[in-house]
Number of protein chains: 2
Amino acid sequence: MRLLKERIIKDGIVKDGDVLKVDSFLNHQIDVNLYREIGKEFYRIYAGCGVNKIVTIEASGIGIAVAAAMYFDVPVVFAKKSKTRNIAGDVYKSVVHSFTHGKDFDVVISKDFLNSEDKILIIDDFLANGSALEGLCDILKQSGAEVIGAGIVIEKGYQAGGKMLREQGMRVESLAIIDKMGPDVGIIFRE
Amino acid sequence: MRLLKERIIKDGIVKDGDVLKVDSFLNHQIDVNLYREIGKEFYRIYAGCGVNKIVTIEASGIGIAVAAAMYFDVPVVFAKKSKTRNIAGDVYKSVVHSFTHGKDFDVVISKDFLNSEDKILIIDDFLANGSALEGLCDILKQSGAEVIGAGIVIEKGYQAGGKMLREQGMRVESLAIIDKMGPDVGIIFRE
């Protein structure tokens, strides 16, 4: 997605330690017009695939999922990162390792909001090692829902997640795939 | 907002311990058409007030803020609940007490995304004791930004937050104010 790649080049900041800061437009401050275009693009890719629900994970996936859901006209369900007392009753649960925070955390979705009739599009802002997507897929498998595919805004193509998930047969569509980045080389996208 | 109140009556579940579960449409599963109407209503209320940025707090505020921002055509900035290594540099910081989780947590916004020229609409899903709103106001005060007002989806009118903030001179507009609720009485809205 050209608009996105141009924006990453313009406003993304590459830092040591494999960090790409896109927090001026994607995941701290949000450019709502960019979100709209991202939502529209996911719809272009997955329209006609029978998606009836979008699943994402808090926090930065939520806004993107809502923007996309406005085109699909389907509900969003977001996985929560820990079990609070407001999620009573039965939940589907999995574990995600966060490299950003350096720890494991539980992700849960209430059993009320997933079932075996569902055809799910998973949306998230980043794909790197794939731990978040694997956790969501685990939850969806427990529910019997069908995963139509994933829509990712930025994939770090040099990390293992995208390759691993595609080899497992999952459809993963990323709007920008970075093949290489660093304070020295800048950002190089996959063609 | 009639549509919202009808939905709360239809799908909200009142539980012991002052819990109103609205997770089938508002803060776990999201009805994107309802979000659109909520966003439109906030715009109706605050249009013409010069809002140039919407501020909210992760996680469940984000989707609502994005829906509203599409009408205002302004960016969203969401406060993060802890300092991760991806928020480098200077942040404005405050403390919020969560009654749901029974603990205090830090909320931060990068100094890059707030300044003294900003005219802010704060958006959140719930207002009860007002701790989250107070934390956000504290952060906004540090930045020198002007708070135009707050847009709340559901206010628990029998708790102290709304009264306290309005007495401090803040404009607080809630789309549904609950005056009383309980497993015995159901949900009674303020007229």
# chains A, B, ... in the order shown; residues from 1 in each chain; ligands from 1

call {"tool": "residues_around", "arguments": {"residues": "Gly182 (chain B)", "least_positions_apart": "2", "cutoff": "10 Å", "atoms": "only C-alpha atoms", "output": "VMD selection string"}}
result
chain B and resid 13 to 20 180 184 to 188

call {"tool": "interface_residues", "arguments": {"of": "chain B", "to": "chain A", "cutoff": "8 Å", "atoms": "only C-alpha atoms", "output": "PDB file with C-alpha atoms, in the first residue's frame"}}
result
ATOM      1  CA  VAL B  19     -21.010  -4.025  37.419  1.00  0.00           C
ATOM      2  CA  LYS B  21     -21.716  -5.623  31.461  1.00  0.00           C
ATOM      3  CA  SER B  24     -21.634  -7.628  23.776  1.00  0.00           C
ATOM      4  CA  HIS B  28     -15.286  -6.443  24.121  1.00  0.00           C
ATOM      5  CA  GLN B  29     -17.437  -7.145  21.099  1.00  0.00           C
ATOM      6  CA  ILE B  30     -18.018  -3.885  19.217  1.00  0.00           C
ATOM      7  CA  ASP B  31     -21.113  -2.971  17.228  1.00  0.00           C
ATOM      8  CA  VAL B  32     -19.478  -0.773  14.641  1.00  0.00           C
ATOM      9  CA  ASN B  33     -22.753   0.810  13.556  1.00  0.00           C
ATOM     10  CA  GLU B  58      -6.357   2.435  26.144  1.00  0.00           C
ATOM     11  CA  ALA B  59      -7.946   0.048  25.541  1.00  0.00           C
ATOM     12  CA  SER B  60     -11.702   0.408  25.188  1.00  0.00           C
ATOM     13  CA  ILE B  62      -9.628   3.783  21.347  1.00  0.00           C
ATOM     14  CA  GLY B  63     -12.282   2.443  19.002  1.00  0.00           C
ATOM     15  CA  VAL B  66     -11.470   6.636  16.214  1.00  0.00           C
ATOM     16  CA  ALA B  67     -15.162   6.530  15.280  1.00  0.00           C
ATOM     17  CA  ALA B  69     -12.404  11.341  14.957  1.00  0.00           C
ATOM     18  CA  MET B  70     -13.781  10.319  11.552  1.00  0.00           C
ATOM     19  CA  ASP B  73     -11.432  14.806  11.000  1.00  0.00           C
ATOM     20  CA  VAL B  74      -8.748  15.228  13.667  1.00  0.00           C
ATOM     21  CA  PRO B  75      -6.069  12.891  15.054  1.00  0.00           C
ATOM     22  CA  VAL B  76      -6.549  10.673  18.103  1.00  0.00           C
ATOM     23  CA  VAL B  77      -3.909  10.342  20.799  1.00  0.00           C
ATOM     24  CA  PHE B  78      -4.380   7.505  23.246  1.00  0.00           C
ATOM     25  CA  ALA B  79      -2.738   7.420  26.662  1.00  0.00           C
ATOM     26  CA  LYS B  80      -0.830   4.228  27.339  1.00  0.00           C
ATOM     27  CA  THR B  84       7.043   0.473  27.258  1.00  0.00           C
ATOM     28  CA  ARG B  85      10.446   0.691  25.669  1.00  0.00           C
ATOM     29  CA  ASN B  86       8.804   1.841  22.428  1.00  0.00           C
ATOM     30  CA  THR B 100     -11.893  -2.854  38.145  1.00  0.00           C
ATOM     31  CA  HIS B 101      -8.364  -4.134  38.668  1.00  0.00           C
ATOM     32  CA  PHE B 113       1.803  14.675  20.538  1.00  0.00           C
TER      33      PHE B 113
END

call {"tool": "select_by_dssp", "arguments": {"residues": "region 6-186 of chain A", "states": "helix (DSSP H, G or I)", "output": "PyMOL selection string"}}
result
chain A and resi 6-11+32-46+60-72+111-113+131-143+161-167

call {"tool": "residues_around", "arguments": {"residues": "region 127-140 of chain A", "least_positions_apart": "6", "cutoff": "7 Å", "atoms": "only C-alpha atoms", "output": "PyMOL selection string"}}
result
chain A and resi 92-97+152+154-156+159-162

call {"tool": "atom_distance", "arguments": {"atom1": "CA of Ile123 (chain A)", "atom2": "CA of Ile177 (chain A)"}}
result
15.1 Å

call {"tool": "select_by_dssp", "arguments": {"residues": "region 41-88 of chain B", "states": "strand (DSSP E or B)", "output": "PDB file with N, CA and C atoms, in the first residue's frame"}}
result
ATOM      1  N   LYS B  53      -7.974  17.796  18.351  1.00  0.00           N
ATOM      2  CA  LYS B  53      -7.382  16.495  18.705  1.00  0.00           C
ATOM      3  C   LYS B  53      -8.297  15.811  19.712  1.00  0.00           C
ATOM      4  N   ILE B  54      -8.398  14.494  19.593  1.00  0.00           N
ATOM      5  CA  ILE B  54      -9.165  13.703  20.550  1.00  0.00           C
ATOM      6  C   ILE B  54      -8.193  12.878  21.376  1.00  0.00           C
ATOM      7  N   VAL B  55      -8.361  12.917  22.682  1.00  0.00           N
ATOM      8  CA  VAL B  55      -7.497  12.140  23.582  1.00  0.00           C
ATOM      9  C   VAL B  55      -8.355  11.098  24.295  1.00  0.00           C
ATOM     10  N   THR B  56      -7.840   9.876  24.370  1.00  0.00           N
ATOM     11  CA  THR B  56      -8.516   8.820  25.093  1.00  0.00           C
ATOM     12  C   THR B  56      -7.474   7.965  25.808  1.00  0.00           C
ATOM     13  N   ILE B  57      -7.936   6.871  26.408  1.00  0.00           N
ATOM     14  CA  ILE B  57      -7.034   6.018  27.164  1.00  0.00           C
ATOM     15  C   ILE B  57      -7.255   4.577  26.697  1.00  0.00           C
ATOM     16  N   VAL B  76      -6.332  11.214  16.761  1.00  0.00           N
ATOM     17  CA  VAL B  76      -6.549  10.673  18.103  1.00  0.00           C
ATOM     18  C   VAL B  76      -5.183  10.461  18.748  1.00  0.00           C
ATOM     19  N   VAL B  77      -5.082  10.764  20.023  1.00  0.00           N
ATOM     20  CA  VAL B  77      -3.909  10.342  20.799  1.00  0.00           C
ATOM     21  C   VAL B  77      -4.429   9.509  21.965  1.00  0.00           C
ATOM     22  N   PHE B  78      -3.911   8.285  22.098  1.00  0.00           N
ATOM     23  CA  PHE B  78      -4.380   7.505  23.246  1.00  0.00           C
ATOM     24  C   PHE B  78      -3.281   7.349  24.289  1.00  0.00           C
ATOM     25  N   ALA B  79      -3.660   7.583  25.539  1.00  0.00           N
ATOM     26  CA  ALA B  79      -2.738   7.420  26.662  1.00  0.00           C
ATOM     27  C   ALA B  79      -2.473   5.942  26.863  1.00  0.00           C
ATOM     28  N   LYS B  80      -1.226   5.625  27.118  1.00  0.00           N
ATOM     29  CA  LYS B  80      -0.830   4.228  27.339  1.00  0.00           C
ATOM     30  C   LYS B  80      -0.733   3.972  28.827  1.00  0.00           C
TER      31      LYS B  80
END

call {"tool": "atom_distance", "arguments": {"atom1": "CA of Ser143 (chain A)", "atom2": "CA of Asp124 (chain A)"}}
result
19.7 Å
